[in-house]
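Have a look at the structure below, then the notes.
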Amino acid sequence: MPFHLVTLHLSSVERPPLQTSQLICGHDKLQVGLDVATMTSVGLNPFSGNLAAHNCSWVRVHNGEVWYEVEAQAGACGNILRTNHTHAIYSNSLFIYPANNTSFTVPVSLPFLCAYPLNTSTSLNVAIRPLLPVGGGLSGAGTKARASMSLFRNSNFTEAYPSGGVILPLGLPLYVGVSVEENDTSFAAVLEDCYATHTSSPNDPLRYLLIQNKCPTDRRQVSIVESGSSLQARFSALFFLFQGTYQDVYLHCSLTLCDRRNFNCVPSCTGRAYRSVISSVPVKPLTIGPITWDKSPK
């Protein structure tokens, strides 16, 4: 999705040197750092800044730098959130005023943006350090959102099985919950496809479909409890022997993140099979297992 950065150009005050400005796109906050000595040398007061929303950001001083922080959320301190097919992009501007400012003065603008991939990863959340001055401002990349999938003991989805192998009796409902680690509630997790295989690989071509194109393959066997309404998704399924054998079973789910501000993200599965017409982004498939069937007589 296209976006534009707007910059104010002043003849009386030099523009903030970008090479001494820093941007960190964290998992939950955006941080812009200004070098105190450099800002002062060009006639700017590094402590005078404000974002698009005045008196909103949190300021701290560390090692000769002034850091302005804002939550990575739409609308926070004037943040603008835009989404395209691959990223969620937060943009804002930091306004810095001249030193010894005692009268009406137009501030200098330092636009910045952080782009976050709309998929998940199991890698550690690490700080992003590289900086790119683009379009007269600062641009940076944030870490991927992370998701997890768990198997629960009850229909309230309150008691999860521990990680690793699980032994279950045949015919017992499977209660599966997915949670995406994302602070901005503008997004919702949508179950795209869920299926079972005999291997831990989500690419195994031999699979038993539970959810396909956002809808249950058989409503008598699968019930979607929640999908597209929050950063959590849940479903339950009656599951029996896959191909008539007592082999271990792995569950896999593919997800998309949907922008709830612009779309109705809850799938409608009445009548014919659901077909997506909304803008959404694939998420790395999740896997749980193995599930071993209890062969003891009941």
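Quick note on naming: the chains in the structure tokens go A, B, ... in the order shown, residues restart at 1 in each chain, and ligands are numbered from 1 in order of appearance.
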
Near Asn264 of chain A, counting only C-alpha atoms, which residues have an atom at most 9 Å away, once you skip same-chain residues fewer than 4 positions from it, shown as a short mmCIF file (atom, residue, chain, number, x, y, z; two decimals) with all heavy atoms, in the first residue's frame?
```
data_model
loop_
_atom_site.label_atom_id
_atom_site.label_comp_id
_atom_site.auth_asym_id
_atom_site.auth_seq_id
_atom_site.Cartn_x
_atom_site.Cartn_y
_atom_site.Cartn_z
N GLY A 228 -10.86 -14.75 13.33
CA GLY A 228 -11.07 -13.46 12.71
C GLY A 228 -11.61 -12.37 13.61
O GLY A 228 -11.90 -11.27 13.12
N SER A 229 -11.76 -12.63 14.91
CA SER A 229 -12.31 -11.62 15.80
C SER A 229 -11.29 -11.06 16.79
O SER A 229 -11.54 -10.03 17.42
CB SER A 229 -13.50 -12.19 16.58
OG SER A 229 -13.10 -13.31 17.37
N CYS A 258 -5.38 -10.32 9.59
CA CYS A 258 -6.34 -9.49 8.86
C CYS A 258 -6.50 -8.15 9.57
O CYS A 258 -6.58 -8.10 10.81
CB CYS A 258 -7.67 -10.24 8.78
SG CYS A 258 -9.02 -9.30 8.03
N ASP A 259 -6.55 -7.08 8.80
CA ASP A 259 -6.73 -5.73 9.34
C ASP A 259 -8.20 -5.50 9.63
O ASP A 259 -9.01 -5.26 8.74
CB ASP A 259 -6.21 -4.71 8.31
CG ASP A 259 -6.20 -3.29 8.86
OD1 ASP A 259 -6.76 -3.07 9.95
OD2 ASP A 259 -5.64 -2.41 8.19
N ARG A 260 -8.57 -5.54 10.91
CA ARG A 260 -9.98 -5.44 11.30
C ARG A 260 -10.55 -4.04 11.10
O ARG A 260 -11.77 -3.86 11.07
CB ARG A 260 -10.15 -5.83 12.78
CG ARG A 260 -9.83 -7.29 13.07
CD ARG A 260 -10.38 -7.71 14.40
NE ARG A 260 -9.83 -6.90 15.49
CZ ARG A 260 -10.45 -6.67 16.64
NH1 ARG A 260 -11.68 -7.13 16.82
NH2 ARG A 260 -9.89 -5.96 17.58
N ILE A 278 -10.83 -10.47 1.26
CA ILE A 278 -10.20 -9.43 2.07
C ILE A 278 -8.69 -9.47 1.86
O ILE A 278 -8.13 -10.43 1.34
CB ILE A 278 -10.51 -9.61 3.57
CG1 ILE A 278 -9.91 -10.93 4.08
CG2 ILE A 278 -12.00 -9.57 3.82
CD1 ILE A 278 -10.12 -11.14 5.56
#
```

Quick one: DSSP strand (DSSP E or B) residues in segment 175-292 of chain A, as a compact mmCIF listing (two decimals) with all heavy atoms, in the first residue's frame?
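Saved result, out22.txt, follows:
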```
# COMPACT_ATOMS: atom_id res chain seq x y z
N TYR A 175 -9.27 -29.99 21.30
CA TYR A 175 -9.51 -28.56 21.49
C TYR A 175 -8.20 -27.83 21.19
O TYR A 175 -7.23 -27.96 21.93
CB TYR A 175 -9.97 -28.27 22.91
CG TYR A 175 -11.24 -29.01 23.29
CD1 TYR A 175 -11.21 -30.06 24.19
CD2 TYR A 175 -12.47 -28.64 22.73
CE1 TYR A 175 -12.37 -30.74 24.54
CE2 TYR A 175 -13.64 -29.31 23.08
CZ TYR A 175 -13.58 -30.36 23.98
OH TYR A 175 -14.73 -31.03 24.31
N VAL A 176 -8.19 -27.08 20.09
CA VAL A 176 -6.96 -26.47 19.60
C VAL A 176 -7.07 -24.95 19.67
O VAL A 176 -8.06 -24.37 19.20
CB VAL A 176 -6.66 -26.92 18.16
CG1 VAL A 176 -5.34 -26.33 17.68
CG2 VAL A 176 -6.64 -28.43 18.06
N GLY A 177 -6.08 -24.31 20.26
CA GLY A 177 -6.07 -22.86 20.37
C GLY A 177 -4.80 -22.27 19.78
O GLY A 177 -3.71 -22.83 19.90
N VAL A 178 -4.95 -21.14 19.09
CA VAL A 178 -3.83 -20.42 18.47
C VAL A 178 -3.80 -19.01 19.03
O VAL A 178 -4.84 -18.37 19.19
CB VAL A 178 -3.99 -20.38 16.94
CG1 VAL A 178 -2.89 -19.54 16.32
CG2 VAL A 178 -3.97 -21.79 16.36
N SER A 179 -2.61 -18.52 19.34
CA SER A 179 -2.45 -17.17 19.88
C SER A 179 -1.31 -16.48 19.16
O SER A 179 -0.23 -17.04 19.00
CB SER A 179 -2.17 -17.22 21.39
OG SER A 179 -1.99 -15.92 21.91
N VAL A 180 -1.56 -15.24 18.69
CA VAL A 180 -0.55 -14.44 18.01
C VAL A 180 -0.05 -13.37 18.97
O VAL A 180 -0.85 -12.66 19.59
CB VAL A 180 -1.11 -13.80 16.73
CG1 VAL A 180 -0.05 -12.93 16.05
CG2 VAL A 180 -1.59 -14.87 15.77
N GLU A 181 1.25 -13.25 19.10
CA GLU A 181 1.86 -12.24 19.97
C GLU A 181 1.96 -10.93 19.21
O GLU A 181 2.92 -10.70 18.46
CB GLU A 181 3.24 -12.70 20.45
CG GLU A 181 3.20 -13.96 21.31
CD GLU A 181 4.58 -14.37 21.79
OE1 GLU A 181 5.43 -13.47 21.94
OE2 GLU A 181 4.80 -15.56 21.99
N PHE A 187 -5.37 -6.02 14.41
CA PHE A 187 -5.25 -7.24 13.61
C PHE A 187 -6.00 -8.40 14.27
O PHE A 187 -6.19 -8.43 15.48
CB PHE A 187 -3.78 -7.62 13.43
CG PHE A 187 -2.98 -6.56 12.71
CD1 PHE A 187 -2.15 -5.71 13.41
CD2 PHE A 187 -3.10 -6.41 11.34
CE1 PHE A 187 -1.42 -4.73 12.76
CE2 PHE A 187 -2.38 -5.44 10.68
CZ PHE A 187 -1.54 -4.59 11.39
N ALA A 188 -6.39 -9.34 13.44
CA ALA A 188 -7.06 -10.55 13.91
C ALA A 188 -6.42 -11.77 13.25
O ALA A 188 -6.00 -11.71 12.09
CB ALA A 188 -8.55 -10.50 13.60
N ALA A 189 -6.37 -12.87 13.99
CA ALA A 189 -5.86 -14.13 13.46
C ALA A 189 -7.00 -14.91 12.81
O ALA A 189 -8.05 -15.10 13.41
CB ALA A 189 -5.23 -14.96 14.58
N VAL A 190 -6.78 -15.32 11.58
CA VAL A 190 -7.79 -16.06 10.83
C VAL A 190 -7.24 -17.45 10.49
O VAL A 190 -6.15 -17.57 9.92
CB VAL A 190 -8.17 -15.33 9.52
CG1 VAL A 190 -9.23 -16.12 8.75
CG2 VAL A 190 -8.68 -13.92 9.84
N LEU A 191 -7.98 -18.48 10.87
CA LEU A 191 -7.60 -19.85 10.52
C LEU A 191 -7.87 -20.06 9.03
O LEU A 191 -9.01 -19.92 8.57
CB LEU A 191 -8.41 -20.85 11.34
CG LEU A 191 -8.14 -20.89 12.85
CD1 LEU A 191 -9.19 -21.75 13.55
CD2 LEU A 191 -6.74 -21.40 13.14
N GLU A 192 -6.84 -20.40 8.29
CA GLU A 192 -7.00 -20.64 6.85
C GLU A 192 -7.21 -22.12 6.56
O GLU A 192 -8.25 -22.51 6.04
CB GLU A 192 -5.76 -20.14 6.10
CG GLU A 192 -5.62 -18.63 6.07
CD GLU A 192 -6.56 -17.99 5.06
OE1 GLU A 192 -7.05 -18.69 4.15
OE2 GLU A 192 -6.82 -16.77 5.20
N ASP A 193 -6.21 -22.94 6.91
CA ASP A 193 -6.28 -24.38 6.69
C ASP A 193 -5.68 -25.09 7.89
O ASP A 193 -4.61 -24.70 8.38
CB ASP A 193 -5.51 -24.79 5.43
CG ASP A 193 -6.08 -24.16 4.18
OD1 ASP A 193 -7.21 -24.51 3.79
OD2 ASP A 193 -5.41 -23.29 3.59
N CYS A 194 -6.35 -26.11 8.38
CA CYS A 194 -5.83 -26.96 9.45
C CYS A 194 -5.99 -28.41 9.02
O CYS A 194 -7.04 -28.79 8.48
CB CYS A 194 -6.57 -26.72 10.77
SG CYS A 194 -6.33 -25.06 11.47
N TYR A 195 -4.97 -29.20 9.26
CA TYR A 195 -4.98 -30.57 8.78
C TYR A 195 -4.04 -31.44 9.64
O TYR A 195 -3.24 -30.93 10.42
CB TYR A 195 -4.56 -30.64 7.31
CG TYR A 195 -3.26 -29.92 7.00
CD1 TYR A 195 -2.05 -30.59 7.03
CD2 TYR A 195 -3.26 -28.56 6.71
CE1 TYR A 195 -0.87 -29.93 6.76
CE2 TYR A 195 -2.09 -27.88 6.44
CZ TYR A 195 -0.89 -28.57 6.45
OH TYR A 195 0.29 -27.92 6.21
N ALA A 196 -4.18 -32.73 9.48
CA ALA A 196 -3.38 -33.69 10.23
C ALA A 196 -2.49 -34.48 9.27
O ALA A 196 -2.88 -34.76 8.13
CB ALA A 196 -4.28 -34.64 11.01
N THR A 197 -1.30 -34.81 9.74
CA THR A 197 -0.39 -35.67 8.98
C THR A 197 0.25 -36.68 9.93
O THR A 197 0.15 -36.55 11.15
CB THR A 197 0.72 -34.84 8.29
OG1 THR A 197 1.57 -34.28 9.32
CG2 THR A 197 0.14 -33.73 7.44
N TYR A 208 -4.97 -35.10 6.28
CA TYR A 208 -6.40 -35.20 6.56
C TYR A 208 -6.90 -33.81 6.90
O TYR A 208 -6.53 -33.22 7.91
CB TYR A 208 -6.63 -36.16 7.73
CG TYR A 208 -8.08 -36.36 8.09
CD1 TYR A 208 -8.87 -37.27 7.40
CD2 TYR A 208 -8.65 -35.63 9.13
CE1 TYR A 208 -10.21 -37.46 7.74
CE2 TYR A 208 -9.98 -35.80 9.49
CZ TYR A 208 -10.75 -36.72 8.78
OH TYR A 208 -12.08 -36.89 9.11
N LEU A 209 -7.75 -33.25 6.05
CA LEU A 209 -8.18 -31.86 6.18
C LEU A 209 -9.25 -31.71 7.24
O LEU A 209 -10.23 -32.46 7.27
CB LEU A 209 -8.70 -31.34 4.84
CG LEU A 209 -7.66 -31.15 3.73
CD1 LEU A 209 -8.34 -30.84 2.41
CD2 LEU A 209 -6.68 -30.05 4.09
N LEU A 210 -9.07 -30.72 8.11
CA LEU A 210 -10.06 -30.36 9.12
C LEU A 210 -10.73 -29.03 8.78
O LEU A 210 -11.95 -28.88 8.87
CB LEU A 210 -9.41 -30.28 10.50
CG LEU A 210 -8.72 -31.55 11.00
CD1 LEU A 210 -7.97 -31.26 12.30
CD2 LEU A 210 -9.72 -32.67 11.19
N ILE A 211 -9.91 -28.04 8.42
CA ILE A 211 -10.40 -26.73 8.00
C ILE A 211 -9.75 -26.40 6.66
O ILE A 211 -8.53 -26.55 6.51
CB ILE A 211 -10.05 -25.65 9.05
CG1 ILE A 211 -10.75 -25.93 10.37
CG2 ILE A 211 -10.41 -24.26 8.54
CD1 ILE A 211 -10.30 -25.01 11.51
N GLN A 212 -10.55 -25.96 5.73
CA GLN A 212 -10.05 -25.62 4.40
C GLN A 212 -10.73 -24.34 3.93
O GLN A 212 -11.94 -24.20 4.05
CB GLN A 212 -10.30 -26.76 3.41
CG GLN A 212 -9.65 -26.55 2.05
CD GLN A 212 -9.84 -27.73 1.13
OE1 GLN A 212 -10.85 -28.42 1.21
NE2 GLN A 212 -8.87 -28.00 0.27
N CYS A 215 -13.02 -22.61 6.48
CA CYS A 215 -14.26 -23.24 6.93
C CYS A 215 -14.04 -24.73 7.21
O CYS A 215 -13.17 -25.37 6.63
CB CYS A 215 -15.36 -23.08 5.88
SG CYS A 215 -15.87 -21.36 5.64
N PRO A 216 -14.86 -25.31 8.12
CA PRO A 216 -14.74 -26.75 8.41
C PRO A 216 -15.03 -27.58 7.16
O PRO A 216 -15.91 -27.25 6.37
CB PRO A 216 -15.83 -26.98 9.48
CG PRO A 216 -16.10 -25.64 10.06
CD PRO A 216 -15.89 -24.65 8.96
N VAL A 222 -16.03 -30.95 12.87
CA VAL A 222 -15.18 -29.79 13.21
C VAL A 222 -16.06 -28.58 13.51
O VAL A 222 -17.01 -28.30 12.79
CB VAL A 222 -14.21 -29.46 12.06
CG1 VAL A 222 -13.34 -28.26 12.44
CG2 VAL A 222 -13.34 -30.66 11.72
N SER A 223 -15.71 -27.86 14.59
CA SER A 223 -16.41 -26.64 14.95
C SER A 223 -15.39 -25.53 15.19
O SER A 223 -14.48 -25.68 16.01
CB SER A 223 -17.25 -26.84 16.22
OG SER A 223 -17.81 -25.61 16.65
N ILE A 224 -15.51 -24.43 14.44
CA ILE A 224 -14.63 -23.28 14.64
C ILE A 224 -15.25 -22.39 15.72
O ILE A 224 -16.32 -21.83 15.55
CB ILE A 224 -14.44 -22.49 13.34
CG1 ILE A 224 -13.73 -23.36 12.30
CG2 ILE A 224 -13.61 -21.22 13.61
CD1 ILE A 224 -13.53 -22.68 10.96
N VAL A 225 -14.55 -22.28 16.84
CA VAL A 225 -15.05 -21.51 17.98
C VAL A 225 -14.77 -20.03 17.81
O VAL A 225 -15.61 -19.17 18.11
CB VAL A 225 -14.44 -22.04 19.29
CG1 VAL A 225 -14.94 -21.24 20.49
CG2 VAL A 225 -14.73 -23.52 19.47
N GLU A 226 -13.59 -19.70 17.32
CA GLU A 226 -13.21 -18.30 17.14
C GLU A 226 -12.20 -18.20 16.01
O GLU A 226 -11.22 -18.94 15.96
CB GLU A 226 -12.60 -17.72 18.42
CG GLU A 226 -12.20 -16.26 18.31
CD GLU A 226 -11.61 -15.71 19.59
OE1 GLU A 226 -11.37 -16.50 20.53
OE2 GLU A 226 -11.37 -14.49 19.65
N GLN A 232 -6.58 -14.32 18.85
CA GLN A 232 -6.67 -15.74 19.19
C GLN A 232 -7.65 -16.42 18.24
O GLN A 232 -8.60 -15.81 17.77
CB GLN A 232 -7.13 -15.91 20.63
CG GLN A 232 -6.14 -15.40 21.66
CD GLN A 232 -6.61 -15.67 23.08
OE1 GLN A 232 -7.80 -15.84 23.35
NE2 GLN A 232 -5.67 -15.71 24.02
N ALA A 233 -7.38 -17.68 17.98
CA ALA A 233 -8.29 -18.50 17.17
C ALA A 233 -8.40 -19.86 17.83
O ALA A 233 -7.42 -20.37 18.39
CB ALA A 233 -7.78 -18.63 15.73
N ARG A 234 -9.61 -20.46 17.77
CA ARG A 234 -9.84 -21.74 18.44
C ARG A 234 -10.78 -22.60 17.62
O ARG A 234 -11.68 -22.09 16.97
CB ARG A 234 -10.43 -21.50 19.84
CG ARG A 234 -9.56 -20.68 20.78
CD ARG A 234 -10.27 -20.37 22.08
NE ARG A 234 -11.40 -19.48 21.88
CZ ARG A 234 -12.29 -19.17 22.83
NH1 ARG A 234 -12.17 -19.71 24.04
NH2 ARG A 234 -13.29 -18.35 22.59
N PHE A 235 -10.56 -23.90 17.68
CA PHE A 235 -11.50 -24.83 17.06
C PHE A 235 -11.46 -26.15 17.80
O PHE A 235 -10.50 -26.46 18.53
CB PHE A 235 -11.20 -25.02 15.57
CG PHE A 235 -9.96 -25.82 15.26
CD1 PHE A 235 -10.04 -27.20 15.03
CD2 PHE A 235 -8.72 -25.21 15.18
CE1 PHE A 235 -8.91 -27.94 14.74
CE2 PHE A 235 -7.58 -25.94 14.89
CZ PHE A 235 -7.67 -27.31 14.67
N SER A 236 -12.50 -26.94 17.63
CA SER A 236 -12.56 -28.28 18.21
C SER A 236 -12.87 -29.26 17.09
O SER A 236 -13.52 -28.91 16.09
CB SER A 236 -13.61 -28.36 19.31
OG SER A 236 -14.89 -27.98 18.83
N ALA A 237 -12.39 -30.49 17.25
CA ALA A 237 -12.59 -31.49 16.20
C ALA A 237 -12.67 -32.87 16.81
O ALA A 237 -11.91 -33.21 17.73
CB ALA A 237 -11.44 -31.43 15.19
N LEU A 238 -13.61 -33.67 16.30
CA LEU A 238 -13.62 -35.09 16.62
C LEU A 238 -12.65 -35.76 15.68
O LEU A 238 -12.70 -35.56 14.47
CB LEU A 238 -15.03 -35.66 16.43
CG LEU A 238 -16.11 -35.17 17.38
CD1 LEU A 238 -17.46 -35.75 16.97
CD2 LEU A 238 -15.78 -35.55 18.82
N PHE A 242 -6.51 -41.98 11.37
CA PHE A 242 -6.16 -41.44 10.07
C PHE A 242 -5.63 -42.58 9.22
O PHE A 242 -4.63 -43.19 9.53
CB PHE A 242 -5.11 -40.34 10.27
CG PHE A 242 -4.62 -39.71 9.00
CD1 PHE A 242 -5.44 -39.56 7.90
CD2 PHE A 242 -3.32 -39.24 8.92
CE1 PHE A 242 -4.99 -38.97 6.74
CE2 PHE A 242 -2.85 -38.65 7.77
CZ PHE A 242 -3.68 -38.51 6.68
N THR A 245 -4.88 -46.48 10.77
CA THR A 245 -3.69 -46.97 11.48
C THR A 245 -3.46 -46.16 12.74
O THR A 245 -3.82 -44.98 12.82
CB THR A 245 -2.44 -46.87 10.59
OG1 THR A 245 -2.21 -45.50 10.25
CG2 THR A 245 -2.62 -47.69 9.32
N VAL A 249 0.11 -38.69 15.12
CA VAL A 249 -0.52 -37.67 14.29
C VAL A 249 -0.01 -36.29 14.71
O VAL A 249 0.16 -36.01 15.90
CB VAL A 249 -2.06 -37.73 14.40
CG1 VAL A 249 -2.71 -36.53 13.73
CG2 VAL A 249 -2.58 -39.02 13.81
N TYR A 250 0.23 -35.45 13.72
CA TYR A 250 0.61 -34.05 13.95
C TYR A 250 -0.46 -33.14 13.36
O TYR A 250 -1.00 -33.42 12.28
CB TYR A 250 1.95 -33.74 13.29
CG TYR A 250 3.12 -34.47 13.89
CD1 TYR A 250 3.41 -35.79 13.53
CD2 TYR A 250 3.97 -33.85 14.82
CE1 TYR A 250 4.49 -36.47 14.07
CE2 TYR A 250 5.04 -34.52 15.37
CZ TYR A 250 5.29 -35.84 14.99
OH TYR A 250 6.36 -36.51 15.53
N LEU A 251 -0.77 -32.07 14.09
CA LEU A 251 -1.73 -31.08 13.61
C LEU A 251 -0.99 -29.84 13.11
O LEU A 251 -0.04 -29.37 13.75
CB LEU A 251 -2.69 -30.67 14.72
CG LEU A 251 -3.68 -31.72 15.22
CD1 LEU A 251 -4.55 -31.11 16.32
CD2 LEU A 251 -4.54 -32.26 14.10
N HIS A 252 -1.44 -29.33 11.96
CA HIS A 252 -0.83 -28.14 11.37
C HIS A 252 -1.93 -27.13 11.05
O HIS A 252 -3.02 -27.52 10.61
CB HIS A 252 -0.09 -28.48 10.07
CG HIS A 252 0.80 -29.68 10.18
ND1 HIS A 252 2.10 -29.62 10.60
CD2 HIS A 252 0.55 -30.99 9.90
CE1 HIS A 252 2.64 -30.84 10.58
NE2 HIS A 252 1.71 -31.68 10.17
N CYS A 253 -1.66 -25.86 11.25
CA CYS A 253 -2.60 -24.81 10.88
C CYS A 253 -1.85 -23.67 10.19
O CYS A 253 -0.79 -23.25 10.66
CB CYS A 253 -3.32 -24.24 12.11
SG CYS A 253 -4.69 -25.25 12.71
N SER A 254 -2.39 -23.20 9.09
CA SER A 254 -1.89 -21.99 8.45
C SER A 254 -2.84 -20.86 8.77
O SER A 254 -4.05 -21.04 8.84
CB SER A 254 -1.77 -22.18 6.94
OG SER A 254 -3.02 -22.50 6.37
N LEU A 255 -2.27 -19.67 9.00
CA LEU A 255 -3.04 -18.51 9.45
C LEU A 255 -2.79 -17.32 8.56
O LEU A 255 -1.81 -17.26 7.82
CB LEU A 255 -2.64 -18.12 10.88
CG LEU A 255 -2.53 -19.20 11.95
CD1 LEU A 255 -1.91 -18.59 13.20
CD2 LEU A 255 -3.89 -19.76 12.24
N THR A 256 -3.67 -16.34 8.65
CA THR A 256 -3.43 -15.03 8.09
C THR A 256 -3.76 -13.99 9.14
O THR A 256 -4.59 -14.22 10.03
CB THR A 256 -4.28 -14.75 6.83
OG1 THR A 256 -5.65 -14.98 7.13
CG2 THR A 256 -3.85 -15.63 5.68
N LEU A 257 -3.08 -12.84 9.06
CA LEU A 257 -3.42 -11.69 9.89
C LEU A 257 -4.26 -10.74 9.05
O LEU A 257 -3.89 -10.40 7.94
CB LEU A 257 -2.15 -10.98 10.38
CG LEU A 257 -1.30 -11.75 11.39
CD1 LEU A 257 -0.09 -10.92 11.79
CD2 LEU A 257 -2.11 -12.11 12.62
N CYS A 258 -5.38 -10.32 9.59
CA CYS A 258 -6.34 -9.49 8.86
C CYS A 258 -6.50 -8.15 9.57
O CYS A 258 -6.58 -8.10 10.81
CB CYS A 258 -7.67 -10.24 8.78
SG CYS A 258 -9.02 -9.30 8.03
N ASP A 259 -6.55 -7.08 8.80
CA ASP A 259 -6.73 -5.73 9.34
C ASP A 259 -8.20 -5.50 9.63
O ASP A 259 -9.01 -5.26 8.74
CB ASP A 259 -6.21 -4.71 8.31
CG ASP A 259 -6.20 -3.29 8.86
OD1 ASP A 259 -6.76 -3.07 9.95
OD2 ASP A 259 -5.64 -2.41 8.19
N SER A 280 -5.28 -9.98 3.30
CA SER A 280 -4.69 -10.64 4.45
C SER A 280 -3.32 -11.18 4.06
O SER A 280 -2.99 -11.29 2.89
CB SER A 280 -5.58 -11.77 4.96
OG SER A 280 -5.85 -12.69 3.93
N VAL A 281 -2.55 -11.52 5.07
CA VAL A 281 -1.16 -11.92 4.85
C VAL A 281 -0.90 -13.27 5.47
O VAL A 281 -1.27 -13.52 6.62
CB VAL A 281 -0.20 -10.87 5.46
CG1 VAL A 281 1.25 -11.29 5.28
CG2 VAL A 281 -0.44 -9.51 4.81
N PRO A 282 -0.28 -14.21 4.73
CA PRO A 282 -0.03 -15.53 5.28
C PRO A 282 0.91 -15.50 6.48
O PRO A 282 1.78 -14.66 6.59
CB PRO A 282 0.63 -16.28 4.11
CG PRO A 282 0.24 -15.52 2.89
CD PRO A 282 0.13 -14.08 3.34
N VAL A 283 0.69 -16.43 7.37
CA VAL A 283 1.52 -16.61 8.55
C VAL A 283 2.17 -17.97 8.47
O VAL A 283 1.60 -18.91 7.92
CB VAL A 283 0.66 -16.50 9.83
CG1 VAL A 283 1.45 -16.89 11.05
CG2 VAL A 283 0.12 -15.09 9.97
N LYS A 284 3.38 -18.08 8.98
CA LYS A 284 4.08 -19.35 8.95
C LYS A 284 3.25 -20.45 9.61
O LYS A 284 2.71 -20.25 10.70
CB LYS A 284 5.42 -19.21 9.69
CG LYS A 284 6.27 -20.48 9.67
CD LYS A 284 7.58 -20.24 10.40
CE LYS A 284 8.43 -21.49 10.43
NZ LYS A 284 9.71 -21.27 11.14
N PRO A 285 3.08 -21.62 8.95
CA PRO A 285 2.26 -22.68 9.52
C PRO A 285 2.73 -23.11 10.91
O PRO A 285 3.93 -23.12 11.21
CB PRO A 285 2.43 -23.83 8.51
CG PRO A 285 2.80 -23.17 7.23
CD PRO A 285 3.63 -21.98 7.63
N LEU A 286 1.78 -23.47 11.76
CA LEU A 286 2.07 -23.93 13.12
C LEU A 286 1.82 -25.42 13.21
O LEU A 286 0.94 -25.96 12.54
CB LEU A 286 1.18 -23.19 14.12
CG LEU A 286 1.31 -21.68 14.16
CD1 LEU A 286 0.26 -21.09 15.07
CD2 LEU A 286 2.70 -21.26 14.63
N THR A 287 2.57 -26.08 14.06
CA THR A 287 2.47 -27.53 14.20
C THR A 287 2.48 -27.92 15.67
O THR A 287 3.23 -27.35 16.46
CB THR A 287 3.64 -28.23 13.47
OG1 THR A 287 3.59 -27.92 12.08
CG2 THR A 287 3.58 -29.74 13.65
N ILE A 288 1.63 -28.87 16.06
CA ILE A 288 1.70 -29.49 17.38
C ILE A 288 1.66 -31.00 17.21
O ILE A 288 1.11 -31.52 16.25
CB ILE A 288 0.56 -29.03 18.31
CG1 ILE A 288 -0.80 -29.28 17.67
CG2 ILE A 288 0.71 -27.59 18.70
CD1 ILE A 288 -1.96 -28.96 18.61
N GLY A 289 2.23 -31.70 18.16
CA GLY A 289 2.26 -33.14 18.11
C GLY A 289 3.60 -33.66 18.62
O GLY A 289 4.47 -32.89 19.03
N PRO A 290 3.77 -34.99 18.62
CA PRO A 290 2.82 -35.97 18.07
C PRO A 290 1.67 -36.29 19.04
O PRO A 290 1.82 -36.17 20.25
CB PRO A 290 3.69 -37.19 17.87
CG PRO A 290 4.72 -37.09 18.96
CD PRO A 290 5.01 -35.62 19.10
N ILE A 291 0.55 -36.68 18.46
CA ILE A 291 -0.59 -37.20 19.21
C ILE A 291 -0.63 -38.71 19.01
O ILE A 291 -0.69 -39.19 17.88
CB ILE A 291 -1.91 -36.58 18.74
CG1 ILE A 291 -1.86 -35.04 18.93
CG2 ILE A 291 -3.10 -37.16 19.48
CD1 ILE A 291 -3.04 -34.33 18.33
N THR A 292 -0.56 -39.43 20.11
CA THR A 292 -0.57 -40.90 20.05
C THR A 292 -1.90 -41.39 20.56
O THR A 292 -2.37 -40.95 21.62
CB THR A 292 0.57 -41.47 20.91
OG1 THR A 292 1.83 -40.96 20.43
CG2 THR A 292 0.57 -43.00 20.84
```

Mind checking which residues fall within 6 Å of segment 46-52 of chain A, counting only C-alpha atoms, ignoring those fewer than 3 positions away in the same chain, and posting them as number ranges by chain?
-> A: 36, 39, 78, 93-97

In Å, rounded to a single decimal, give me how far atom CA of Leu231 of chain A is from atom CA of Thr217 of chain A.
-> 23.0 Å

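Note that the spacing between atom CA of Trp67 of chain A and atom CA of Ala37 of chain A amounts to 13.7 Å.
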
Atom-to-atom span, atom CA of Leu151 of chain A and atom CA of Arg220 of chain A, Å =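 Separation of atom CA of Leu151 of chain A and atom CA of Arg220 of chain A: 20.0 Å.
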
Skip Ile89 of chain A itself and residues of its chain fewer than 3 positions away, then list as number ranges by chain all residues within 7 Å of it, counting only C-alpha atoms.
-> A: 81-83, 113-116

DSSP on the backbone: what in segment 38-272 of chain A comes out alpha helix (DSSP H), as an MDAnalysis selection string?
-> chainID A and resid 38:41

Out of A:Leu168, A:Leu241, A:Ile80, A:Val70, which residue has the shortest atom-to-atom distance to Asn92 of chain A when counting only C-alpha atoms?
->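 Ranked by minimum distance to Asn92 of chain A, first place goes to A:Ile80.
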
Determine the nearest neighbour of His27 of chain A from the options A:Gln221, A:Ser155, A:Asn183, A:Ser268, counting only C-alpha atoms.
-> A:Asn183
